[in-house]
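Scroll down for the structure; my scribbles are underneath it.
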Amino acid sequence: MSEWSASAINTDPKKQRFIEKLTQWADKFRDGVALAIEYSKPADAFKDVPDMDFLFDPMYASAGVQSQKPNQGNSLVFCSKLERMVQEGKETCPQ
């Protein structure tokens, strides 16, 4: 199991990049929520929030792992061997 403590993240460039991207995504999502709860409730409140694929490194596509957008209740799990999230039941994590 991969460690996600502050010291482990600080020594692993892939984890640092993931946390940076997650923070960027979360900031945009927070801004979308703030717009969505305004009185006017704009329909495009989340237009600036990127798809979850934004979090994943494109380098995994060259390894033959297809990224699937989560939808319809699909769940994501972290694969420590691939060092990324995979869709449970649609992608396999090497042992």
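Letters A, B, ... mark the chains of the structure tokens in the order given; residue numbers begin at 1 per chain; ligand numbers begin at 1, in order shown.
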
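Counting only C-alpha atoms, segment 23-40 of chain A has the following residues at most 12 Å away, ignoring those fewer than 6 positions along the same chain: Gln16, Arg17, Phe46, Lys47, Asp48, Val49, Pro50, Asp51, Met52, Asp53, Phe54, Leu55 and Phe56 of chain A.
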
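Close contacts of Lys81 of chain A, defined as residues with an atom at most 8 Å away when counting only C-alpha atoms, with chain neighbours fewer than 4 positions off set aside, comprise Cys93, Pro94 and Gln95 of chain A.
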
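Near Gly89 of chain A, within 10 Å and counting only C-alpha atoms, sit Asn74, Ser75, Leu76, Val77, Val86 and Thr92 of chain A, not including residues fewer than 3 positions from it in the same chain.
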